Structures are given as structure tokens and as C-alpha cells.
Amino acid sequence: MLEMIDLGDEKIIAYRLGGKITEDEMTFVLSIFRERIDKGEELLVYQEVESIGGAEFDAMIEKFRFFKDIGFSFSHFSKVAVVTHSKWLHKIVDLEDKIFRNVNMKGFPVEKKDKAIEFLKTA
């Protein structure tokens with residue numbers, strides 16, 4: 001399940017993940033990314049992870065196609081906030097932040113959603 005969330009700031013692409021992600025859901029969120037990239041906008045992403053149940057194979061193909069189309073570059077991503085109860089996922093986000101140096105990525109516990117939103121809004 002991938003469900004869009006309205007955080008009251010149209011600059012932020014916000015969604016909640018839970019269970020298995022379908023191809024249609026992946027295509028939908030990636031179309032929003034593409035639209036913003038085509039407009040020359042930086043991507044600010046809020047990802048709330050309730051549970052991880054994997055993704056359909058076709059959803060992963062769609063994600064791979066997206067990254068291929070943008071040249072496997074993460075330069076369009078400005079900030080990514082991942083909100084979850086999962087401490088191991090926070091460690092993954094910290095590692096990704098070190099690997100993808102041009103993207104500012106942070107993990108936040110669910111109790112600090114407001115801090116995640118504040119992080120995305122500040123320059």
C-alpha cells in the first residue's frame with residue numbers, strides 16, 4: 001500500500017508505505033517525481049513507513065526504469081525524511097545519507113513527525 005499524504009505544503013511529496021507496493025502505486029508516485037523533475041524542481045520527500053511487505057516485481061522494474069531515465073542520478077532529490085518505528089530502517093537511511101552525499105536524508109521516529117516536516121521545510 002502506498003497512500004499519498006497532504007502535509008499542507010505542496011512542495012513536499014508525502015506518502016505512507018505499508019505492506020506490499022503495487023506497480024500502479026509505484027507508477028503513480030514516480031509520475032509525481034518525473035513531473036517535478038521536468039519542471040526543474042528539487043524533490044522534497046516525506047516517507048512514512050508503517051511496515052515493509054516488499055513490492056511487486058513490476059513495481060521494482062518501474063522504479064529501476066525511473067532511475068535509468070534520470071541517469072541514476074540523485075541530484076534531483078534535495079531532502080528525504082523517513083518516519084518509522086523501525087530502528088534498523090533509521091540505520092539504513094543514515095547509511096544512504098552517507099552514500100548519496102548530494103541528498104540530505106534523515107530518519108525520524110513516528111513521535112517526531114513534526115521534526116521531519118520541519119527538516120524538509122528548512123533550507
# chains A, B, ... in the order shown; residues from 1 in each chain; ligands from 1
>>> select_by_dssp(residues="chain A", states="strand (DSSP E)", output="PyMOL selection string")
chain A and resi 2-4+12-17+43-49+77-84+104-108
>>> write_last_selection(atoms="N, CA and C atoms", output="PDB file, in the first residue's frame")
ATOM      1  N   LEU A   2       0.575   2.137  -0.893  1.00  0.00           N
ATOM      2  CA  LEU A   2       1.226   3.431  -0.935  1.00  0.00           C
ATOM      3  C   LEU A   2       0.102   4.458  -0.971  1.00  0.00           C
ATOM      4  N   GLU A   3       0.061   5.300   0.042  1.00  0.00           N
ATOM      5  CA  GLU A   3      -1.021   6.276   0.190  1.00  0.00           C
ATOM      6  C   GLU A   3      -0.421   7.673   0.286  1.00  0.00           C
ATOM      7  N   MET A   4      -0.887   8.578  -0.574  1.00  0.00           N
ATOM      8  CA  MET A   4      -0.406   9.949  -0.542  1.00  0.00           C
ATOM      9  C   MET A   4      -0.937  10.643   0.716  1.00  0.00           C
ATOM     10  N   ILE A  12       6.285  19.504  -0.795  1.00  0.00           N
ATOM     11  CA  ILE A  12       6.688  18.211  -0.242  1.00  0.00           C
ATOM     12  C   ILE A  12       5.832  17.089  -0.845  1.00  0.00           C
ATOM     13  N   ILE A  13       6.511  16.080  -1.380  1.00  0.00           N
ATOM     14  CA  ILE A  13       5.838  14.871  -1.865  1.00  0.00           C
ATOM     15  C   ILE A  13       5.800  13.923  -0.675  1.00  0.00           C
ATOM     16  N   ALA A  14       4.596  13.680  -0.161  1.00  0.00           N
ATOM     17  CA  ALA A  14       4.469  12.897   1.071  1.00  0.00           C
ATOM     18  C   ALA A  14       3.597  11.669   0.842  1.00  0.00           C
ATOM     19  N   TYR A  15       4.070  10.547   1.362  1.00  0.00           N
ATOM     20  CA  TYR A  15       3.286   9.314   1.238  1.00  0.00           C
ATOM     21  C   TYR A  15       3.607   8.352   2.377  1.00  0.00           C
ATOM     22  N   ARG A  16       2.666   7.442   2.573  1.00  0.00           N
ATOM     23  CA  ARG A  16       2.760   6.421   3.627  1.00  0.00           C
ATOM     24  C   ARG A  16       2.889   5.058   2.944  1.00  0.00           C
ATOM     25  N   LEU A  17       3.804   4.247   3.432  1.00  0.00           N
ATOM     26  CA  LEU A  17       4.015   2.898   2.911  1.00  0.00           C
ATOM     27  C   LEU A  17       3.602   1.873   3.957  1.00  0.00           C
ATOM     28  N   LEU A  43      13.354  17.765  -5.386  1.00  0.00           N
ATOM     29  CA  LEU A  43      12.394  16.884  -4.723  1.00  0.00           C
ATOM     30  C   LEU A  43      12.607  16.891  -3.215  1.00  0.00           C
ATOM     31  N   LEU A  44      11.538  17.190  -2.502  1.00  0.00           N
ATOM     32  CA  LEU A  44      11.477  17.070  -1.049  1.00  0.00           C
ATOM     33  C   LEU A  44      10.513  15.929  -0.770  1.00  0.00           C
ATOM     34  N   VAL A  45      10.999  14.877  -0.125  1.00  0.00           N
ATOM     35  CA  VAL A  45      10.202  13.662   0.027  1.00  0.00           C
ATOM     36  C   VAL A  45      10.024  13.314   1.498  1.00  0.00           C
ATOM     37  N   TYR A  46       8.760  13.110   1.870  1.00  0.00           N
ATOM     38  CA  TYR A  46       8.389  12.645   3.207  1.00  0.00           C
ATOM     39  C   TYR A  46       7.845  11.235   3.020  1.00  0.00           C
ATOM     40  N   GLN A  47       8.496  10.284   3.668  1.00  0.00           N
ATOM     41  CA  GLN A  47       8.109   8.882   3.550  1.00  0.00           C
ATOM     42  C   GLN A  47       7.801   8.346   4.943  1.00  0.00           C
ATOM     43  N   GLU A  48       6.558   7.964   5.152  1.00  0.00           N
ATOM     44  CA  GLU A  48       6.153   7.396   6.434  1.00  0.00           C
ATOM     45  C   GLU A  48       6.003   5.888   6.235  1.00  0.00           C
ATOM     46  N   VAL A  49       6.833   5.113   6.917  1.00  0.00           N
ATOM     47  CA  VAL A  49       6.851   3.663   6.720  1.00  0.00           C
ATOM     48  C   VAL A  49       6.190   2.979   7.903  1.00  0.00           C
ATOM     49  N   PHE A  77      16.969  15.050  -6.005  1.00  0.00           N
ATOM     50  CA  PHE A  77      16.468  14.909  -4.645  1.00  0.00           C
ATOM     51  C   PHE A  77      17.225  15.873  -3.741  1.00  0.00           C
ATOM     52  N   SER A  78      16.502  16.729  -3.045  1.00  0.00           N
ATOM     53  CA  SER A  78      17.128  17.671  -2.124  1.00  0.00           C
ATOM     54  C   SER A  78      17.164  17.089  -0.718  1.00  0.00           C
ATOM     55  N   LYS A  79      15.979  16.731  -0.210  1.00  0.00           N
ATOM     56  CA  LYS A  79      15.884  16.164   1.136  1.00  0.00           C
ATOM     57  C   LYS A  79      14.871  15.024   1.148  1.00  0.00           C
ATOM     58  N   VAL A  80      15.178  14.026   1.967  1.00  0.00           N
ATOM     59  CA  VAL A  80      14.275  12.896   2.170  1.00  0.00           C
ATOM     60  C   VAL A  80      14.172  12.658   3.669  1.00  0.00           C
ATOM     61  N   ALA A  81      12.938  12.661   4.172  1.00  0.00           N
ATOM     62  CA  ALA A  81      12.685  12.344   5.589  1.00  0.00           C
ATOM     63  C   ALA A  81      11.923  11.026   5.637  1.00  0.00           C
ATOM     64  N   VAL A  82      12.455  10.081   6.398  1.00  0.00           N
ATOM     65  CA  VAL A  82      11.812   8.778   6.551  1.00  0.00           C
ATOM     66  C   VAL A  82      11.350   8.654   7.999  1.00  0.00           C
ATOM     67  N   VAL A  83      10.051   8.507   8.177  1.00  0.00           N
ATOM     68  CA  VAL A  83       9.449   8.425   9.510  1.00  0.00           C
ATOM     69  C   VAL A  83       8.980   6.988   9.740  1.00  0.00           C
ATOM     70  N   THR A  84       9.500   6.365  10.795  1.00  0.00           N
ATOM     71  CA  THR A  84       9.158   4.970  11.063  1.00  0.00           C
ATOM     72  C   THR A  84       9.492   4.591  12.508  1.00  0.00           C
ATOM     73  N   ASN A 104      20.175  15.155   1.295  1.00  0.00           N
ATOM     74  CA  ASN A 104      20.138  15.217   2.748  1.00  0.00           C
ATOM     75  C   ASN A 104      19.017  14.290   3.223  1.00  0.00           C
ATOM     76  N   MET A 105      19.389  13.153   3.801  1.00  0.00           N
ATOM     77  CA  MET A 105      18.413  12.149   4.241  1.00  0.00           C
ATOM     78  C   MET A 105      18.495  11.984   5.748  1.00  0.00           C
ATOM     79  N   LYS A 106      17.314  11.873   6.374  1.00  0.00           N
ATOM     80  CA  LYS A 106      17.269  11.661   7.823  1.00  0.00           C
ATOM     81  C   LYS A 106      16.111  10.746   8.175  1.00  0.00           C
ATOM     82  N   GLY A 107      16.343   9.937   9.196  1.00  0.00           N
ATOM     83  CA  GLY A 107      15.293   9.094   9.741  1.00  0.00           C
ATOM     84  C   GLY A 107      14.752   9.711  11.022  1.00  0.00           C
ATOM     85  N   PHE A 108      13.447   9.578  11.221  1.00  0.00           N
ATOM     86  CA  PHE A 108      12.784  10.135  12.398  1.00  0.00           C
ATOM     87  C   PHE A 108      11.844   9.098  13.002  1.00  0.00           C
TER      88      PHE A 108
END
>>> select_by_dssp(residues="region 8-110 of chain A", states="helix (DSSP H, G or I)", output="mmCIF file with N, CA and C atoms, in the first residue's frame")
data_model
loop_
_atom_site.group_PDB
_atom_site.id
_atom_site.type_symbol
_atom_site.label_atom_id
_atom_site.label_comp_id
_atom_site.auth_asym_id
_atom_site.auth_seq_id
_atom_site.Cartn_x
_atom_site.Cartn_y
_atom_site.Cartn_z
ATOM 1 N N GLU A 23 2.539 -2.183 -8.683
ATOM 2 C CA GLU A 23 3.086 -1.452 -9.832
ATOM 3 C C GLU A 23 2.343 -0.131 -10.033
ATOM 4 N N ASP A 24 1.020 -0.151 -9.920
ATOM 5 C CA ASP A 24 0.226 1.073 -10.098
ATOM 6 C C ASP A 24 0.606 2.137 -9.075
ATOM 7 N N GLU A 25 0.797 1.731 -7.826
ATOM 8 C CA GLU A 25 1.182 2.681 -6.773
ATOM 9 C C GLU A 25 2.566 3.272 -7.052
ATOM 10 N N MET A 26 3.506 2.415 -7.444
ATOM 11 C CA MET A 26 4.861 2.876 -7.747
ATOM 12 C C MET A 26 4.836 3.824 -8.941
ATOM 13 N N THR A 27 4.093 3.458 -9.974
ATOM 14 C CA THR A 27 3.994 4.297 -11.172
ATOM 15 C C THR A 27 3.417 5.660 -10.814
ATOM 16 N N PHE A 28 2.423 5.678 -9.942
ATOM 17 C CA PHE A 28 1.783 6.928 -9.556
ATOM 18 C C PHE A 28 2.765 7.872 -8.862
ATOM 19 N N VAL A 29 3.475 7.396 -7.850
ATOM 20 C CA VAL A 29 4.385 8.269 -7.110
ATOM 21 C C VAL A 29 5.577 8.680 -7.983
ATOM 22 N N LEU A 30 6.065 7.776 -8.823
ATOM 23 C CA LEU A 30 7.183 8.125 -9.703
ATOM 24 C C LEU A 30 6.758 9.148 -10.757
ATOM 25 N N SER A 31 5.480 9.128 -11.149
ATOM 26 C CA SER A 31 4.996 10.138 -12.107
ATOM 27 C C SER A 31 5.026 11.531 -11.468
ATOM 28 N N ILE A 32 4.771 11.594 -10.174
ATOM 29 C CA ILE A 32 4.866 12.875 -9.459
ATOM 30 C C ILE A 32 6.322 13.338 -9.435
ATOM 31 N N PHE A 33 7.247 12.405 -9.154
ATOM 32 C CA PHE A 33 8.681 12.740 -9.183
ATOM 33 C C PHE A 33 9.074 13.269 -10.562
ATOM 34 N N ARG A 34 8.659 12.544 -11.625
ATOM 35 C CA ARG A 34 9.010 12.944 -13.005
ATOM 36 C C ARG A 34 8.468 14.330 -13.328
ATOM 37 N N GLU A 35 7.235 14.576 -12.944
ATOM 38 C CA GLU A 35 6.602 15.869 -13.210
ATOM 39 C C GLU A 35 7.397 17.007 -12.569
ATOM 40 N N ARG A 36 7.795 16.814 -11.325
ATOM 41 C CA ARG A 36 8.570 17.838 -10.615
ATOM 42 C C ARG A 36 9.948 18.024 -11.249
ATOM 43 N N ILE A 37 10.585 16.926 -11.626
ATOM 44 C CA ILE A 37 11.906 16.995 -12.265
ATOM 45 C C ILE A 37 11.799 17.738 -13.587
ATOM 46 N N ASP A 38 10.758 17.426 -14.370
ATOM 47 C CA ASP A 38 10.554 18.096 -15.658
ATOM 48 C C ASP A 38 10.361 19.597 -15.495
ATOM 49 N N PHE A 57 7.105 -7.343 -8.459
ATOM 50 C CA PHE A 57 8.245 -7.333 -9.368
ATOM 51 C C PHE A 57 8.121 -6.190 -10.371
ATOM 52 N N ASP A 58 6.930 -6.010 -10.940
ATOM 53 C CA ASP A 58 6.722 -4.951 -11.926
ATOM 54 C C ASP A 58 6.895 -3.566 -11.311
ATOM 55 N N ALA A 59 6.611 -3.429 -10.020
ATOM 56 C CA ALA A 59 6.824 -2.154 -9.333
ATOM 57 C C ALA A 59 8.318 -1.854 -9.250
ATOM 58 N N MET A 60 9.110 -2.874 -8.988
ATOM 59 C CA MET A 60 10.562 -2.683 -8.916
ATOM 60 C C MET A 60 11.138 -2.378 -10.298
ATOM 61 N N ILE A 61 10.592 -2.994 -11.335
ATOM 62 C CA ILE A 61 11.023 -2.695 -12.706
ATOM 63 C C ILE A 61 10.724 -1.231 -13.018
ATOM 64 N N GLU A 62 9.551 -0.765 -12.621
ATOM 65 C CA GLU A 62 9.161 0.628 -12.849
ATOM 66 C C GLU A 62 10.114 1.583 -12.119
ATOM 67 N N LYS A 63 10.488 1.242 -10.902
ATOM 68 C CA LYS A 63 11.423 2.066 -10.133
ATOM 69 C C LYS A 63 12.789 2.092 -10.812
ATOM 70 N N PHE A 64 13.248 0.931 -11.263
ATOM 71 C CA PHE A 64 14.522 0.854 -11.963
ATOM 72 C C PHE A 64 14.475 1.704 -13.231
ATOM 73 N N ARG A 65 13.379 1.616 -13.982
ATOM 74 C CA ARG A 65 13.201 2.392 -15.214
ATOM 75 C C ARG A 65 13.269 3.898 -14.920
ATOM 76 N N PHE A 66 12.646 4.307 -13.819
ATOM 77 C CA PHE A 66 12.678 5.717 -13.418
ATOM 78 C C PHE A 66 14.118 6.183 -13.193
ATOM 79 N N PHE A 67 14.871 5.424 -12.399
ATOM 80 C CA PHE A 67 16.246 5.822 -12.104
ATOM 81 C C PHE A 67 17.127 5.766 -13.360
ATOM 82 N N LYS A 68 16.856 4.833 -14.256
ATOM 83 C CA LYS A 68 17.575 4.779 -15.530
ATOM 84 C C LYS A 68 17.271 6.042 -16.338
ATOM 85 N N ASP A 69 16.006 6.429 -16.387
ATOM 86 C CA ASP A 69 15.589 7.617 -17.145
ATOM 87 C C ASP A 69 16.248 8.896 -16.634
ATOM 88 N N LYS A 87 13.943 0.880 13.957
ATOM 89 C CA LYS A 87 15.290 1.402 14.209
ATOM 90 C C LYS A 87 16.281 0.942 13.147
ATOM 91 N N TRP A 88 16.099 -0.270 12.614
ATOM 92 C CA TRP A 88 17.012 -0.741 11.582
ATOM 93 C C TRP A 88 16.852 0.081 10.304
ATOM 94 N N LEU A 89 15.640 0.559 10.035
ATOM 95 C CA LEU A 89 15.417 1.388 8.862
ATOM 96 C C LEU A 89 16.080 2.762 9.034
ATOM 97 N N HIS A 90 16.099 3.274 10.264
ATOM 98 C CA HIS A 90 16.824 4.517 10.548
ATOM 99 C C HIS A 90 18.302 4.343 10.204
ATOM 100 N N LYS A 91 18.873 3.175 10.515
ATOM 101 C CA LYS A 91 20.285 2.915 10.221
ATOM 102 C C LYS A 91 20.528 2.862 8.711
ATOM 103 N N ILE A 92 19.573 2.285 7.978
ATOM 104 C CA ILE A 92 19.677 2.238 6.509
ATOM 105 C C ILE A 92 19.657 3.659 5.944
ATOM 106 N N VAL A 93 18.763 4.493 6.457
ATOM 107 C CA VAL A 93 18.667 5.884 5.990
ATOM 108 C C VAL A 93 19.969 6.624 6.289
ATOM 109 N N ASP A 94 20.533 6.415 7.462
ATOM 110 C CA ASP A 94 21.813 7.046 7.813
ATOM 111 C C ASP A 94 22.922 6.619 6.839
ATOM 112 N N LEU A 95 22.933 5.347 6.485
ATOM 113 C CA LEU A 95 23.919 4.830 5.538
ATOM 114 C C LEU A 95 23.697 5.452 4.152
ATOM 115 N N GLU A 96 22.450 5.498 3.709
ATOM 116 C CA GLU A 96 22.134 6.104 2.405
ATOM 117 C C GLU A 96 22.537 7.575 2.383
ATOM 118 N N ASP A 97 22.384 8.259 3.495
ATOM 119 C CA ASP A 97 22.773 9.664 3.580
ATOM 120 C C ASP A 97 24.274 9.821 3.329
ATOM 121 N N LYS A 98 25.044 8.860 3.786
ATOM 122 C CA LYS A 98 26.498 8.905 3.574
ATOM 123 C C LYS A 98 26.865 8.540 2.130
ATOM 124 N N ILE A 99 26.121 7.615 1.545
ATOM 125 C CA ILE A 99 26.409 7.168 0.179
ATOM 126 C C ILE A 99 25.986 8.223 -0.843
ATOM 127 N N VAL A 110 8.367 7.934 14.759
ATOM 128 C CA VAL A 110 6.987 8.362 14.494
ATOM 129 C C VAL A 110 6.577 9.513 15.408
#
>>> atom_distance(atom1="CA of Lys115 (chain A)", atom2="CA of Leu7 (chain A)")
12.6 Å
>>> residues_around(residues="Gly19 (chain A)", least_positions_apart="4", cutoff="10 Å", atoms="only C-alpha atoms", output="JSON list (two decimals) with N, CA and C atoms, in the first residue's frame")
[["chain", "number", "residue", "atom", "x", "y", "z"],
["A", 1, "MET", "N", 0.84, -1.18, 0.00],
["A", 1, "MET", "CA", 0.00, 0.00, 0.00],
["A", 1, "MET", "C", 0.89, 1.24, 0.00],
["A", 2, "LEU", "N", 0.58, 2.14, -0.89],
["A", 2, "LEU", "CA", 1.23, 3.43, -0.93],
["A", 2, "LEU", "C", 0.10, 4.46, -0.97],
["A", 49, "VAL", "N", 6.83, 5.11, 6.92],
["A", 49, "VAL", "CA", 6.85, 3.66, 6.72],
["A", 49, "VAL", "C", 6.19, 2.98, 7.90],
["A", 50, "GLU", "N", 5.00, 2.41, 7.66],
["A", 50, "GLU", "CA", 4.30, 1.66, 8.70],
["A", 50, "GLU", "C", 4.82, 0.23, 8.77],
["A", 51, "SER", "N", 4.99, -0.37, 7.60],
["A", 51, "SER", "CA", 5.54, -1.72, 7.51],
["A", 51, "SER", "C", 6.09, -1.92, 6.12],
["A", 52, "ILE", "N", 6.99, -2.88, 6.01],
["A", 52, "ILE", "CA", 7.58, -3.18, 4.70],
["A", 52, "ILE", "C", 7.19, -4.59, 4.34],
["A", 53, "GLY", "N", 6.43, -4.70, 3.28],
["A", 53, "GLY", "CA", 5.98, -6.01, 2.82],
["A", 53, "GLY", "C", 6.48, -6.31, 1.43],
["A", 54, "GLY", "N", 7.47, -5.55, 0.97],
["A", 54, "GLY", "CA", 8.02, -5.79, -0.35],
["A", 54, "GLY", "C", 7.29, -5.01, -1.42],
["A", 55, "ALA", "N", 7.60, -5.37, -2.65],
["A", 55, "ALA", "CA", 6.99, -4.71, -3.80],
["A", 55, "ALA", "C", 6.80, -5.74, -4.89]]
>>> atom_distance(atom1="CA of Leu120 (chain A)", atom2="CA of Glu56 (chain A)")
29.0 Å
>>> atom_distance(atom1="CA of Glu10 (chain A)", atom2="CA of Gly40 (chain A)")
15.1 Å
>>> closest_residue(among="A:Lys113, A:Lys121, A:Lys39, A:Arg101", to="Ser73 (chain A)", atoms="only C-alpha atoms")
A:Arg101
>>> decode(residues="region 56-68 of chain A", atoms="N, CA and C atoms", output="PDB file, in the first residue's frame")
ATOM      1  N   GLU A  56       5.766  -5.548  -5.687  1.00  0.00           N
ATOM      2  CA  GLU A  56       5.565  -6.416  -6.837  1.00  0.00           C
ATOM      3  C   GLU A  56       6.772  -6.284  -7.760  1.00  0.00           C
ATOM      4  N   PHE A  57       7.105  -7.343  -8.459  1.00  0.00           N
ATOM      5  CA  PHE A  57       8.245  -7.333  -9.368  1.00  0.00           C
ATOM      6  C   PHE A  57       8.121  -6.190 -10.371  1.00  0.00           C
ATOM      7  N   ASP A  58       6.930  -6.010 -10.940  1.00  0.00           N
ATOM      8  CA  ASP A  58       6.722  -4.951 -11.926  1.00  0.00           C
ATOM      9  C   ASP A  58       6.895  -3.566 -11.311  1.00  0.00           C
ATOM     10  N   ALA A  59       6.611  -3.429 -10.020  1.00  0.00           N
ATOM     11  CA  ALA A  59       6.824  -2.154  -9.333  1.00  0.00           C
ATOM     12  C   ALA A  59       8.318  -1.854  -9.250  1.00  0.00           C
ATOM     13  N   MET A  60       9.110  -2.874  -8.988  1.00  0.00           N
ATOM     14  CA  MET A  60      10.562  -2.683  -8.916  1.00  0.00           C
ATOM     15  C   MET A  60      11.138  -2.378 -10.298  1.00  0.00           C
ATOM     16  N   ILE A  61      10.592  -2.994 -11.335  1.00  0.00           N
ATOM     17  CA  ILE A  61      11.023  -2.695 -12.706  1.00  0.00           C
ATOM     18  C   ILE A  61      10.724  -1.231 -13.018  1.00  0.00           C
ATOM     19  N   GLU A  62       9.551  -0.765 -12.621  1.00  0.00           N
ATOM     20  CA  GLU A  62       9.161   0.628 -12.849  1.00  0.00           C
ATOM     21  C   GLU A  62      10.114   1.583 -12.119  1.00  0.00           C
ATOM     22  N   LYS A  63      10.488   1.242 -10.902  1.00  0.00           N
ATOM     23  CA  LYS A  63      11.423   2.066 -10.133  1.00  0.00           C
ATOM     24  C   LYS A  63      12.789   2.092 -10.812  1.00  0.00           C
ATOM     25  N   PHE A  64      13.248   0.931 -11.263  1.00  0.00           N
ATOM     26  CA  PHE A  64      14.522   0.854 -11.963  1.00  0.00           C
ATOM     27  C   PHE A  64      14.475   1.704 -13.231  1.00  0.00           C
ATOM     28  N   ARG A  65      13.379   1.616 -13.982  1.00  0.00           N
ATOM     29  CA  ARG A  65      13.201   2.392 -15.214  1.00  0.00           C
ATOM     30  C   ARG A  65      13.269   3.898 -14.920  1.00  0.00           C
ATOM     31  N   PHE A  66      12.646   4.307 -13.819  1.00  0.00           N
ATOM     32  CA  PHE A  66      12.678   5.717 -13.418  1.00  0.00           C
ATOM     33  C   PHE A  66      14.118   6.183 -13.193  1.00  0.00           C
ATOM     34  N   PHE A  67      14.871   5.424 -12.399  1.00  0.00           N
ATOM     35  CA  PHE A  67      16.246   5.822 -12.104  1.00  0.00           C
ATOM     36  C   PHE A  67      17.127   5.766 -13.360  1.00  0.00           C
ATOM     37  N   LYS A  68      16.856   4.833 -14.256  1.00  0.00           N
ATOM     38  CA  LYS A  68      17.575   4.779 -15.530  1.00  0.00           C
ATOM     39  C   LYS A  68      17.271   6.042 -16.338  1.00  0.00           C
TER      40      LYS A  68
END
